[in-house]
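**Q** So I've got this file, run_11.cif, and it contains mmCIF, C-alpha atoms:
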data_target
#
loop_
_atom_site.label_atom_id
_atom_site.label_comp_id
_atom_site.auth_asym_id
_atom_site.auth_seq_id
_atom_site.Cartn_x
_atom_site.Cartn_y
_atom_site.Cartn_z
CA MET A 1 -102.49 -88.87 40.66
CA SER A 2 -101.75 -92.54 40.02
CA LYS A 3 -98.69 -94.25 41.47
CA ARG A 4 -97.17 -94.51 37.99
CA GLY A 5 -97.53 -90.76 37.45
CA ARG A 6 -99.36 -88.48 35.05
CA VAL A 7 -98.38 -88.58 31.37
CA LEU A 8 -99.35 -86.32 28.48
CA VAL A 9 -99.71 -88.40 25.32
CA ALA A 10 -99.49 -86.83 21.85
CA MET A 11 -102.42 -88.38 19.95
CA SER A 12 -102.70 -87.93 16.19
CA GLY A 13 -105.74 -90.18 15.82
CA GLY A 14 -103.64 -92.88 14.14
CA VAL A 15 -103.05 -96.42 15.34
CA ASP A 16 -99.57 -95.84 16.80
CA SER A 17 -100.29 -92.95 19.15
CA SER A 18 -103.70 -94.37 20.05
CA VAL A 19 -102.28 -97.72 21.11
CA ALA A 20 -99.49 -95.91 22.99
CA ALA A 21 -102.12 -94.00 24.98
CA ILE A 22 -104.13 -97.15 25.73
CA MET A 23 -101.01 -99.06 26.78
CA LEU A 24 -100.00 -96.38 29.28
CA HIS A 25 -103.57 -96.14 30.56
CA GLU A 26 -103.68 -99.91 31.14
CA GLN A 27 -100.26 -99.80 32.82
CA GLY A 28 -101.73 -97.54 35.47
CA TYR A 29 -100.56 -94.11 34.34
CA GLU A 30 -102.91 -91.16 34.61
CA VAL A 31 -103.15 -90.38 30.90
CA ILE A 32 -104.07 -87.05 29.39
CA GLY A 33 -104.38 -87.03 25.61
CA ILE A 34 -103.48 -84.05 23.45
CA THR A 35 -103.86 -83.55 19.71
CA MET A 36 -101.85 -80.79 18.10
CA LYS A 37 -103.26 -78.99 15.09
CA THR A 38 -100.14 -77.95 13.23
CA TRP A 39 -101.45 -76.72 9.92
CA ASP A 40 -104.53 -75.86 7.90
CA TYR A 41 -105.10 -77.77 4.68
CA ALA A 42 -106.93 -74.96 2.85
CA SER A 43 -104.25 -72.38 3.61
CA ALA A 44 -101.64 -74.79 2.27
CA GLY A 45 -103.33 -74.86 -1.12
CA GLY A 46 -105.06 -78.24 -0.80
CA SER A 47 -107.88 -78.93 -3.21
CA SER A 48 -109.07 -82.38 -2.16
CA LYS A 49 -110.51 -83.66 1.11
CA GLU A 50 -108.34 -82.90 4.13
CA THR A 51 -106.53 -86.00 5.34
CA GLY A 52 -103.81 -86.92 7.80
CA CYS A 53 -103.00 -86.13 11.39
CA CYS A 54 -104.46 -82.62 11.41
CA SER A 55 -107.81 -83.39 9.79
CA LEU A 56 -111.06 -82.99 11.69
CA ASP A 57 -111.66 -86.75 11.38
CA SER A 58 -108.31 -87.54 13.02
CA ILE A 59 -108.89 -85.07 15.84
CA ASN A 60 -112.35 -86.54 16.45
CA ASP A 61 -110.95 -90.09 16.39
CA ALA A 62 -108.38 -89.18 19.05
CA ARG A 63 -110.96 -87.49 21.24
CA SER A 64 -113.45 -90.36 20.83
CA LEU A 65 -110.84 -92.90 21.92
CA ALA A 66 -109.88 -90.84 24.97
CA VAL A 67 -113.53 -90.46 26.01
CA GLY A 68 -114.06 -94.20 25.52
CA TYR A 69 -111.22 -94.99 27.91
CA GLY A 70 -112.21 -92.30 30.37
CA PHE A 71 -109.21 -90.00 30.21
CA PRO A 72 -109.15 -86.27 29.33
CA HIS A 73 -108.30 -85.01 25.87
CA PHE A 74 -107.28 -81.54 24.68
CA ILE A 75 -106.71 -79.94 21.29
CA LEU A 76 -103.72 -77.64 21.03
CA ASP A 77 -103.64 -75.18 18.14
CA ILE A 78 -100.00 -74.55 17.24
CA ARG A 79 -100.56 -73.51 13.63
CA ASP A 80 -98.90 -70.14 14.10
CA GLU A 81 -95.71 -71.54 15.67
CA PHE A 82 -95.58 -74.41 13.19
CA GLY A 83 -96.16 -72.19 10.16
CA ASP A 84 -93.73 -69.50 11.22
CA PHE A 85 -90.92 -71.95 11.89
CA VAL A 86 -91.35 -75.22 10.00
CA ILE A 87 -93.14 -74.08 6.85
CA ASP A 88 -91.13 -70.87 6.47
CA ASN A 89 -87.94 -72.89 6.89
CA PHE A 90 -89.17 -75.43 4.31
CA VAL A 91 -89.63 -72.69 1.71
CA ASP A 92 -86.39 -70.88 2.63
CA GLU A 93 -84.33 -74.08 2.38
CA TYR A 94 -85.51 -74.83 -1.17
CA ILE A 95 -84.79 -71.22 -2.16
CA ALA A 96 -81.30 -71.66 -0.68
CA GLY A 97 -80.79 -74.72 -2.91
CA ARG A 98 -81.06 -77.22 -0.06
CA THR A 99 -83.48 -80.09 0.67
CA PRO A 100 -85.29 -79.45 3.97
CA ASN A 101 -86.00 -81.94 6.75
CA PRO A 102 -89.26 -80.61 8.26
CA CYS A 103 -90.01 -83.57 10.55
CA VAL A 104 -86.77 -83.05 12.47
CA LEU A 105 -87.42 -79.33 12.88
CA CYS A 106 -90.99 -79.98 13.97
CA ASN A 107 -89.94 -82.54 16.58
CA THR A 108 -87.07 -80.46 17.89
CA HIS A 109 -88.50 -76.96 17.96
CA ILE A 110 -92.28 -77.29 17.89
CA LYS A 111 -93.83 -80.53 19.11
CA TRP A 112 -91.57 -81.25 22.07
CA SER A 113 -91.61 -77.62 23.13
CA ALA A 114 -95.41 -77.41 22.87
CA LEU A 115 -95.86 -80.73 24.70
CA MET A 116 -93.52 -79.80 27.54
CA LYS A 117 -95.19 -76.42 27.99
CA ARG A 118 -98.62 -78.03 28.24
CA ALA A 119 -97.28 -80.91 30.40
CA ASP A 120 -96.05 -78.37 32.95
CA LYS A 121 -99.42 -76.62 33.01
CA LEU A 122 -101.21 -79.94 33.55
CA ASP A 123 -98.72 -81.20 36.18
CA CYS A 124 -97.64 -84.10 33.97
CA GLU A 125 -94.34 -85.70 34.89
CA PHE A 126 -93.91 -87.27 31.46
CA ILE A 127 -94.85 -86.90 27.83
CA ALA A 128 -95.24 -89.85 25.45
CA THR A 129 -95.47 -90.26 21.68
CA GLY A 130 -96.11 -93.11 19.27
CA HIS A 131 -92.61 -93.08 17.79
CA TYR A 132 -90.92 -96.41 17.14
CA ALA A 133 -87.78 -95.79 19.19
CA ASN A 134 -86.41 -96.58 22.65
CA ILE A 135 -85.00 -94.41 25.40
CA ARG A 136 -82.90 -95.22 28.45
CA MET A 137 -80.34 -93.64 30.78
CA HIS A 138 -76.74 -94.44 29.89
CA ASP A 139 -74.04 -95.22 32.48
CA ASN A 140 -72.68 -91.70 31.88
CA GLY A 141 -75.95 -90.20 33.12
CA ARG A 142 -77.20 -89.08 29.69
CA TYR A 143 -80.48 -90.11 28.13
CA VAL A 144 -79.94 -92.20 25.00
CA ILE A 145 -82.31 -92.82 22.12
CA SER A 146 -81.88 -96.18 20.41
CA LYS A 147 -83.53 -97.81 17.42
CA GLY A 148 -86.99 -99.33 17.73
CA ARG A 149 -87.29 -103.10 17.50
CA ASP A 150 -89.05 -102.82 14.13
CA GLU A 151 -86.18 -101.90 11.77
CA ASN A 152 -88.67 -101.02 9.01
CA LYS A 153 -90.48 -98.52 11.23
CA ASP A 154 -87.59 -97.22 13.35
CA GLN A 155 -87.97 -93.44 13.78
CA SER A 156 -84.82 -92.62 15.75
CA TYR A 157 -83.51 -90.80 12.64
CA VAL A 158 -85.99 -87.93 13.09
CA LEU A 159 -85.36 -87.59 16.84
CA TRP A 160 -81.71 -86.55 16.89
CA GLY A 161 -82.54 -82.95 17.76
CA VAL A 162 -84.46 -83.59 21.01
CA SER A 163 -82.64 -82.11 24.02
CA GLN A 164 -81.46 -84.03 27.08
CA GLU A 165 -83.83 -81.96 29.21
CA ASN A 166 -86.80 -83.10 27.14
CA LEU A 167 -85.61 -86.71 26.80
CA ALA A 168 -85.53 -86.96 30.61
CA ARG A 169 -89.32 -86.70 30.63
CA THR A 170 -90.10 -88.61 27.41
CA GLN A 171 -91.49 -92.12 26.93
CA PHE A 172 -91.75 -94.19 23.75
CA PRO A 173 -94.15 -97.04 24.61
CA LEU A 174 -93.93 -98.64 21.14
CA GLY A 175 -90.16 -99.05 20.96
CA GLY A 176 -90.20 -102.74 21.81
CA PHE A 177 -92.90 -103.69 19.29
CA THR A 178 -93.31 -104.13 15.55
CA LYS A 179 -95.98 -102.33 13.54
CA LYS A 180 -97.70 -105.67 12.93
CA GLU A 181 -97.87 -106.29 16.68
CA ILE A 182 -99.30 -102.82 17.31
CA ARG A 183 -102.06 -103.39 14.74
CA GLN A 184 -102.80 -106.76 16.36
CA MET A 185 -102.97 -105.07 19.78
CA ALA A 186 -105.48 -102.58 18.42
CA LEU A 187 -107.63 -105.48 17.21
CA GLU A 188 -107.42 -107.19 20.60
CA MET A 189 -108.40 -103.90 22.24
CA GLY A 190 -111.58 -103.93 20.16
CA GLN A 191 -110.36 -101.10 17.91
CA GLU A 192 -110.92 -102.78 14.55
CA GLU A 193 -111.29 -99.60 12.49
CA LEU A 194 -108.18 -98.13 14.13
CA ALA A 195 -106.16 -101.29 13.43
CA GLN A 196 -106.89 -100.97 9.71
CA LYS A 197 -106.05 -97.29 9.39
CA SER A 198 -103.58 -96.56 6.63
CA GLU A 199 -100.60 -94.31 7.22
CA SER A 200 -99.17 -91.48 5.17
CA TYR A 201 -95.51 -91.22 4.22
CA GLU A 202 -95.90 -87.72 2.80
CA ILE A 203 -94.91 -84.41 4.37
CA CYS A 204 -97.96 -83.58 6.46
CA PHE A 205 -98.43 -80.00 5.24
CA VAL A 206 -97.76 -80.50 1.51
CA PRO A 207 -101.07 -81.25 -0.29
CA GLU A 208 -100.96 -84.18 -2.72
CA ASN A 209 -97.21 -84.41 -1.93
CA ASP A 210 -96.62 -81.75 -4.61
CA TYR A 211 -93.89 -79.60 -3.08
CA ARG A 212 -93.49 -77.53 -6.26
CA ALA A 213 -97.12 -76.39 -6.11
CA PHE A 214 -96.73 -75.78 -2.38
CA LEU A 215 -93.70 -73.54 -2.92
CA ARG A 216 -95.62 -71.54 -5.53
CA HIS A 217 -98.59 -71.22 -3.19
CA LYS A 218 -96.47 -69.98 -0.29
CA ARG A 219 -94.30 -67.75 -2.50
CA PRO A 220 -96.54 -66.56 -5.40
CA THR A 221 -93.73 -64.50 -6.94
CA LEU A 222 -91.20 -67.35 -6.87
CA ASP A 223 -91.25 -68.06 -10.61
CA GLU A 224 -90.75 -64.36 -11.35
CA GLU A 225 -87.97 -64.07 -8.76
CA VAL A 226 -86.04 -67.11 -9.99
CA GLY A 227 -87.02 -67.63 -13.63
CA PRO A 228 -85.67 -70.33 -15.96
CA GLY A 229 -82.04 -71.39 -15.64
CA ASN A 230 -79.50 -73.70 -17.22
CA PHE A 231 -78.91 -77.40 -16.84
CA ILE A 232 -75.14 -77.80 -16.93
CA LEU A 233 -72.66 -80.64 -16.69
CA SER A 234 -69.93 -80.71 -14.05
CA ASP A 235 -67.49 -79.11 -16.53
CA GLY A 236 -69.89 -76.16 -17.04
CA THR A 237 -71.26 -77.25 -20.43
CA VAL A 238 -74.84 -76.00 -20.88
CA VAL A 239 -77.11 -78.87 -21.99
CA GLY A 240 -80.58 -77.36 -21.64
CA GLN A 241 -82.95 -75.18 -19.63
CA HIS A 242 -84.97 -75.83 -16.49
CA ILE A 243 -87.90 -74.06 -14.82
CA GLY A 244 -85.94 -72.85 -11.77
CA TYR A 245 -83.44 -74.38 -9.34
CA PRO A 246 -85.79 -74.54 -6.26
CA TYR A 247 -87.83 -77.23 -8.00
CA PHE A 248 -85.01 -79.80 -7.99
CA THR A 249 -83.30 -81.95 -5.37
CA ILE A 250 -79.97 -83.79 -5.21
CA GLY A 251 -80.26 -87.31 -6.62
CA GLN A 252 -83.38 -86.55 -8.66
CA ARG A 253 -83.63 -88.46 -11.94
CA LYS A 254 -87.31 -88.34 -12.90
CA GLY A 255 -89.18 -85.20 -13.88
CA LEU A 256 -86.12 -83.32 -15.10
CA GLY A 257 -87.77 -82.39 -18.39
CA ILE A 258 -84.63 -83.14 -20.38
CA ALA A 259 -83.33 -86.19 -22.25
CA LEU A 260 -79.61 -86.65 -22.83
CA GLY A 261 -79.62 -90.22 -24.12
CA LYS A 262 -78.63 -91.79 -20.80
CA PRO A 263 -79.86 -91.65 -17.20
CA MET A 264 -78.86 -88.33 -15.65
CA PHE A 265 -79.18 -87.15 -12.07
CA VAL A 266 -79.11 -83.84 -10.24
CA ILE A 267 -75.67 -83.80 -8.61
CA GLU A 268 -75.50 -80.17 -7.47
CA ILE A 269 -77.69 -77.06 -7.20
CA LEU A 270 -76.17 -73.61 -7.68
CA PRO A 271 -78.64 -70.92 -6.52
CA GLU A 272 -76.27 -68.02 -7.23
CA SER A 273 -76.36 -68.76 -10.98
CA ASN A 274 -79.75 -70.54 -11.08
CA SER A 275 -77.97 -73.62 -12.42
CA VAL A 276 -78.75 -77.29 -11.89
CA VAL A 277 -75.75 -79.57 -12.41
CA LEU A 278 -76.50 -82.94 -14.02
CA GLY A 279 -74.29 -86.00 -14.03
CA GLU A 280 -74.22 -89.76 -14.24
CA GLU A 281 -75.03 -91.85 -11.19
CA HIS A 282 -71.40 -92.35 -10.17
CA GLU A 283 -71.01 -88.56 -9.92
CA LEU A 284 -73.38 -88.58 -6.93
CA GLU A 285 -70.81 -90.54 -4.94
CA LYS A 286 -68.76 -88.86 -2.21
CA SER A 287 -66.49 -90.10 0.54
CA GLN A 288 -66.75 -87.13 2.91
CA ALA A 289 -69.43 -84.86 4.35
CA PHE A 290 -69.68 -82.03 6.86
CA VAL A 291 -72.63 -81.70 9.23
CA ARG A 292 -73.77 -78.48 10.97
CA ASP A 293 -75.92 -77.73 14.05
CA VAL A 294 -74.91 -81.04 15.60
CA ASN A 295 -76.83 -82.22 18.68
CA LEU A 296 -75.12 -85.05 20.57
CA ILE A 297 -77.32 -87.53 22.42
CA LYS A 298 -75.22 -90.37 23.84
CA TYR A 299 -72.11 -88.35 24.70
CA ALA A 300 -71.71 -84.72 25.75
CA SER A 301 -68.85 -84.35 23.27
CA LEU A 302 -66.45 -86.43 21.20
CA GLN A 303 -62.88 -85.86 22.34
CA GLU A 304 -61.45 -88.15 19.68
CA PRO A 305 -62.58 -89.31 16.21
CA MET A 306 -65.07 -92.15 16.56
CA GLU A 307 -66.24 -95.00 14.35
CA ALA A 308 -69.96 -94.80 13.65
CA VAL A 309 -72.62 -95.79 11.16
CA THR A 310 -73.93 -92.63 9.47
CA LYS A 311 -77.36 -92.44 7.83
CA ILE A 312 -77.88 -89.60 5.34
CA ARG A 313 -81.61 -90.16 4.77
CA TYR A 314 -84.47 -91.80 6.62
CA LYS A 315 -84.55 -95.04 4.63
CA ASP A 316 -80.77 -95.20 4.23
CA ALA A 317 -79.17 -98.40 5.52
CA GLY A 318 -76.25 -96.36 6.86
CA ALA A 319 -72.54 -96.48 6.05
CA GLU A 320 -69.46 -97.17 8.16
CA SER A 321 -67.68 -93.92 8.86
CA LEU A 322 -65.25 -92.03 11.06
CA ILE A 323 -66.80 -88.96 12.68
CA THR A 324 -64.73 -86.07 14.04
CA GLN A 325 -66.19 -83.21 16.06
CA LEU A 326 -64.88 -79.83 14.89
CA ASP A 327 -65.25 -76.33 16.29
CA GLY A 328 -68.49 -74.47 15.63
CA ASN A 329 -70.77 -77.43 16.31
CA ILE A 330 -69.70 -79.14 13.08
CA MET A 331 -69.01 -82.84 12.49
CA LYS A 332 -66.70 -84.14 9.77
CA VAL A 333 -67.75 -87.52 8.37
CA ASP A 334 -65.27 -89.70 6.49
CA PHE A 335 -67.05 -92.67 4.94
CA SER A 336 -65.29 -96.01 4.56
CA HIS A 337 -66.69 -96.25 1.03
CA GLN A 338 -68.34 -93.87 -1.40
CA VAL A 339 -71.96 -92.93 -0.54
CA LYS A 340 -74.53 -91.70 -3.00
CA GLY A 341 -76.78 -88.65 -2.89
CA ILE A 342 -75.53 -86.45 -0.03
CA ALA A 343 -78.15 -83.69 -0.07
CA PRO A 344 -77.42 -80.44 1.83
CA GLY A 345 -80.26 -79.68 4.25
CA GLN A 346 -81.08 -83.33 4.95
CA SER A 347 -80.13 -84.94 8.26
CA ALA A 348 -77.02 -86.99 8.87
CA VAL A 349 -77.50 -89.19 11.92
CA PHE A 350 -74.73 -91.12 13.68
CA TYR A 351 -75.17 -94.52 15.36
CA GLU A 352 -73.10 -96.69 17.65
CA GLY A 353 -74.79 -100.05 17.28
CA SER A 354 -78.46 -99.28 17.87
CA ASP A 355 -77.72 -96.17 19.92
CA LEU A 356 -78.09 -92.67 18.53
CA ILE A 357 -74.85 -90.74 18.98
CA GLY A 358 -76.41 -87.60 17.56
CA GLY A 359 -77.12 -85.83 14.30
CA GLY A 360 -77.17 -82.61 12.34
CA PHE A 361 -77.82 -81.10 8.93
CA LEU A 362 -75.67 -81.88 5.91
CA MET A 363 -73.69 -78.92 4.61
CA LYS A 364 -72.85 -78.02 1.04
#
Please, can you express the file's structure as C-alpha cells?

**A**
Amino acid sequence: MSKRGRVLVAMSGGVDSSVAAIMLHEQGYEVIGITMKTWDYASAGGSSKETGCCSLDSINDARSLAVGYGFPHFILDIRDEFGDFVIDNFVDEYIAGRTPNPCVLCNTHIKWSALMKRADKLDCEFIATGHYANIRMHDNGRYVISKGRDENKDQSYVLWGVSQENLARTQFPLGGFTKKEIRQMALEMGQEELAQKSESYEICFVPENDYRAFLRHKRPTLDEEVGPGNFILSDGTVVGQHIGYPYFTIGQRKGLGIALGKPMFVIEILPESNSVVLGEEHELEKSQAFVRDVNLIKYASLQEPMEAVTKIRYKDAGAESLITQLDGNIMKVDFSHQVKGIAPGQSAVFYEGSDLIGGGFLMK
C-alpha cells in the first residue's frame, strides 16, 4: 500500500470522476476504480440508445482509463438495491402527491453504503467521488461538508444525508476547482475525448426525462387506479379536469392542459380527492416550512434557533431564514421573506456561510 493510503474511487466514465481518479493516482494514492451499475435502461422503458453513467460505453470508458493508468477497476451491480429503494420511492412519492429527490436517496442509502462495503472488502481507507464539494473536520470534531469553489457546479445540496461515519472516510478531490479547470486538466492529461464529454442534468433512470411515461411503465395500472380529477382554485371552485394528480408538481405552469386566460401554477396537490389546486404566481409564496428526516452535518444538534440560508431546490439561490429544531427529527424554517414553490418531498438544505448545517425533506 502507498504511503498516502488506498482509495476506492467511484468512476462513472464522465470527466469529473475520471479526473478525480487520475488526480489521486498522481498524488500517490493507491487507487482502485469502481463503476456502479444502478439501473437498466430497457427495464425502465427506454426506447432510444442507452446513455449516461450506467451505459456500456460509460462503463468501458471508466475501465479503459483505469487500465491506461495502471490501477484496478471493478464493476459493481447494485441494480436490485437501487431499484428496490430509489425507484420504488420515486414512484411512491408521486403517488403520495409529493415531488421526490432521488439523487439524495441514492447518495445516502445506496451509493455510499455500496462504496463503503466494497472499500472494506478491498482494504481501502478512503472512498472518493467526483462531486463538487469540500470536506473538513470542524473544531467540534465533526466532519463538515462545504460548498465547492464552482458555485455553478456546487453539489453540496445533494449530500446532506451522508452520515458522519461515512464522511470520515470520504474525499472530494474536485472541491477546490471549477468545471472549466477540470476540463482543462483532462486536456492536459491527454484525455481530449473525455474533456469534451457532455453531461446530463436529467434523472439518470428516467428515459428521455419523461417521468410521466416512467410512472406508467413502473405502475401499468396507475391511470386506472387514479383516473381523471379536478383542477380547482384555492377556494374550491372547479375550473377543469386533469389526467391524474401524480402527473403534476408544485410550481408547474407548462403542460397543464388548461387555459384560464392568465398564467396559472400548481400550488397544491390533494391525493385524497385527486385534485390539483391552481393559482397565480403569488399564491406559491410561503414564509414558513417544516422539514422531516433531518440529518445534521456541522452540529450534533441545535439547542437554540439559528440563522441560516435555506435552499429548497438544487438551483435555488437560498433564502435567509431562522431554523428551529423540533422533536421527532423535524426542523421548522421561518423565512425572512416569502419564498416561492415549496414542494413537499424535495430537499431543504441549511447553510452557515459555505458550510452545510444539514438538510431534510420538505413536509406538506

**Q** Taking the file as shown, what set of residues would the PyMOL selection byres ((chain A and resi 124) around 12) give back, as an mmCIF file with C-alpha atoms, in the coordinates of the input?

**A**
data_model
loop_
_atom_site.group_PDB
_atom_site.id
_atom_site.type_symbol
_atom_site.label_atom_id
_atom_site.label_comp_id
_atom_site.auth_asym_id
_atom_site.auth_seq_id
_atom_site.Cartn_x
_atom_site.Cartn_y
_atom_site.Cartn_z
ATOM 1 C CA MET A 1 -102.490 -88.870 40.660
ATOM 2 C CA SER A 2 -101.750 -92.540 40.020
ATOM 3 C CA ARG A 4 -97.170 -94.510 37.990
ATOM 4 C CA GLY A 5 -97.530 -90.760 37.450
ATOM 5 C CA ARG A 6 -99.360 -88.480 35.050
ATOM 6 C CA VAL A 7 -98.380 -88.580 31.370
ATOM 7 C CA LEU A 8 -99.350 -86.320 28.480
ATOM 8 C CA VAL A 9 -99.710 -88.400 25.320
ATOM 9 C CA TYR A 29 -100.560 -94.110 34.340
ATOM 10 C CA GLU A 30 -102.910 -91.160 34.610
ATOM 11 C CA VAL A 31 -103.150 -90.380 30.900
ATOM 12 C CA ILE A 32 -104.070 -87.050 29.390
ATOM 13 C CA GLY A 33 -104.380 -87.030 25.610
ATOM 14 C CA LEU A 115 -95.860 -80.730 24.700
ATOM 15 C CA MET A 116 -93.520 -79.800 27.540
ATOM 16 C CA LYS A 117 -95.190 -76.420 27.990
ATOM 17 C CA ARG A 118 -98.620 -78.030 28.240
ATOM 18 C CA ALA A 119 -97.280 -80.910 30.400
ATOM 19 C CA ASP A 120 -96.050 -78.370 32.950
ATOM 20 C CA LYS A 121 -99.420 -76.620 33.010
ATOM 21 C CA LEU A 122 -101.210 -79.940 33.550
ATOM 22 C CA ASP A 123 -98.720 -81.200 36.180
ATOM 23 C CA GLU A 125 -94.340 -85.700 34.890
ATOM 24 C CA PHE A 126 -93.910 -87.270 31.460
ATOM 25 C CA ILE A 127 -94.850 -86.900 27.830
ATOM 26 C CA ALA A 128 -95.240 -89.850 25.450
ATOM 27 C CA ARG A 169 -89.320 -86.700 30.630
ATOM 28 C CA THR A 170 -90.100 -88.610 27.410
#

**Q** Can you pull out every residue within 10 Å of Asp77 in chain A, counting all atoms listed in the file, but drop anything in the same chain fewer than 3 positions away, and send it as a VMD selection string?

**A** chain A and resid 35 to 39 74 80 to 82 114

**Q** For Ala348 in chain A, list every protein, DNA or RNA residue within 6 Å, evaluated using all atoms listed in the file, and leave out those in the same chain fewer than 3 positions away; present the list as an MDAnalysis selection string.

**A** chainID A and resid 311:312 359:361

**Q** Any idea what the distance is between CA of Val144 in chain A and CA of Val349 in chain A?

**A**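 Computed distance, CA of Val144 in chain A to CA of Val349 in chain A, equals 13.6 Å.
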
**Q** Could you please determine the separation between CA of Gly175 in chain A and CA of Ile59 in chain A in Å, to one decimal place?

**A**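 Taking CA of Gly175 in chain A and CA of Ile59 in chain A, their separation equals 23.9 Å.
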
**Q** For Ala195 in chain A, which residue among A:Ile34, A:Val339, A:Ala10, A:Val15 is the nearest when counting only C-alpha atoms?

**A** A:Val15

**Q** I'd like to know which of A:Asp327, A:Asp316, A:Glu202, A:Asp293 is closest to Leu105 in chain A, using all atoms listed in the file.

**A** A:Asp293

**Q** Please write as an MDAnalysis selection string the full residue list that the PyMOL selection byres ((chain A and resi 234-246) around 12) yields on this file.

**A** chainID A and resid 90:100 211:216 219 222:233 247:250 255:261 264:280 283:284

**Q** Around the point (-83.5, -98.9, 21.0) (coordinates from the file), which residues reach within 7 Å if we count only C-alpha atoms? Answer as number ranges by chain.

**A** A: 133-135, 145-149, 175, 354-355

**Q** Give as a list in words the residues that the PyMOL selection byres ((chain A and resi 286) around 7) matches when applied to the coordinates above.

**A**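 That selection, the PyMOL selection byres ((chain A and resi 286) around 7), comes back as Leu284, Glu285, Ser287, Gln288, Gln338, Val339 and Lys340 of chain A.
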
**Q** CA of Trp160 in chain A to CA of Arg253 in chain A: how many Å, to one decimal?

**A**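 Taking CA of Trp160 in chain A and CA of Arg253 in chain A, their separation equals 29.0 Å.
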
**Q** Within 9 Å of (-110.5, -85.5, 26.8) (file coordinates; all atoms listed in the file), which protein or nucleic acid residues are there? I'd like them as JSON, numbers by chain.

**A** {"A": [32, 33, 34, 62, 63, 64, 65, 66, 67, 70, 71, 72, 73, 74, 75]}

**Q** Using all atoms listed in the file, which of the listed residues (A:Tyr143, A:Tyr351, A:Trp112, A:Phe335) sits closest to Ala289 in chain A?

**A**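 So, comparing all the options, the nearest one is A:Phe335.
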
**Q** Which of these, A:Ile203, A:Val294, A:Val309, A:Leu356, has the shortest distance to Gly328 in chain A once you count all atoms listed in the file?

**A** A:Val294

**Q** Please rebuild range 250-262 of chain A with N, CA, C and O atoms and return the result as a tab-separated table (two decimals), in the coordinates of the input.

**A**
chain	number	residue	atom	x	y	z
A	250	ILE	N	-81.14	-82.94	-4.94
A	250	ILE	CA	-79.97	-83.79	-5.21
A	250	ILE	C	-80.42	-85.25	-5.35
A	250	ILE	O	-81.20	-85.76	-4.54
A	251	GLY	N	-79.91	-85.91	-6.38
A	251	GLY	CA	-80.26	-87.31	-6.62
A	251	GLY	C	-81.46	-87.51	-7.51
A	251	GLY	O	-81.77	-88.64	-7.92
A	252	GLN	N	-82.17	-86.43	-7.83
A	252	GLN	CA	-83.38	-86.55	-8.66
A	252	GLN	C	-83.02	-87.02	-10.07
A	252	GLN	O	-82.08	-86.55	-10.68
A	253	ARG	N	-83.82	-87.98	-10.57
A	253	ARG	CA	-83.63	-88.46	-11.94
A	253	ARG	C	-84.88	-88.24	-12.78
A	253	ARG	O	-84.80	-87.84	-13.92
A	254	LYS	N	-86.05	-88.50	-12.17
A	254	LYS	CA	-87.31	-88.34	-12.90
A	254	LYS	C	-87.79	-86.89	-12.85
A	254	LYS	O	-87.48	-86.15	-11.94
A	255	GLY	N	-88.57	-86.52	-13.87
A	255	GLY	CA	-89.18	-85.20	-13.88
A	255	GLY	C	-88.23	-84.07	-14.17
A	255	GLY	O	-88.51	-82.91	-13.86
A	256	LEU	N	-87.09	-84.37	-14.80
A	256	LEU	CA	-86.12	-83.32	-15.10
A	256	LEU	C	-86.54	-82.49	-16.32
A	256	LEU	O	-86.16	-81.33	-16.46
A	257	GLY	N	-87.33	-83.10	-17.19
A	257	GLY	CA	-87.77	-82.39	-18.39
A	257	GLY	C	-86.68	-82.25	-19.44
A	257	GLY	O	-86.71	-81.34	-20.26
A	258	ILE	N	-85.72	-83.17	-19.40
A	258	ILE	CA	-84.63	-83.14	-20.38
A	258	ILE	C	-84.17	-84.57	-20.64
A	258	ILE	O	-84.18	-85.41	-19.75
A	259	ALA	N	-83.83	-84.86	-21.89
A	259	ALA	CA	-83.33	-86.19	-22.25
A	259	ALA	C	-81.95	-86.04	-22.88
A	259	ALA	O	-81.78	-85.28	-23.85
A	260	LEU	N	-80.99	-86.75	-22.32
A	260	LEU	CA	-79.61	-86.65	-22.83
A	260	LEU	C	-79.09	-88.00	-23.33
A	260	LEU	O	-77.88	-88.18	-23.48
A	261	GLY	N	-80.01	-88.94	-23.55
A	261	GLY	CA	-79.62	-90.22	-24.12
A	261	GLY	C	-79.13	-91.24	-23.12
A	261	GLY	O	-78.82	-92.38	-23.48
A	262	LYS	N	-79.02	-90.86	-21.87
A	262	LYS	CA	-78.63	-91.79	-20.80
A	262	LYS	C	-79.17	-91.24	-19.48
A	262	LYS	O	-79.46	-90.05	-19.38
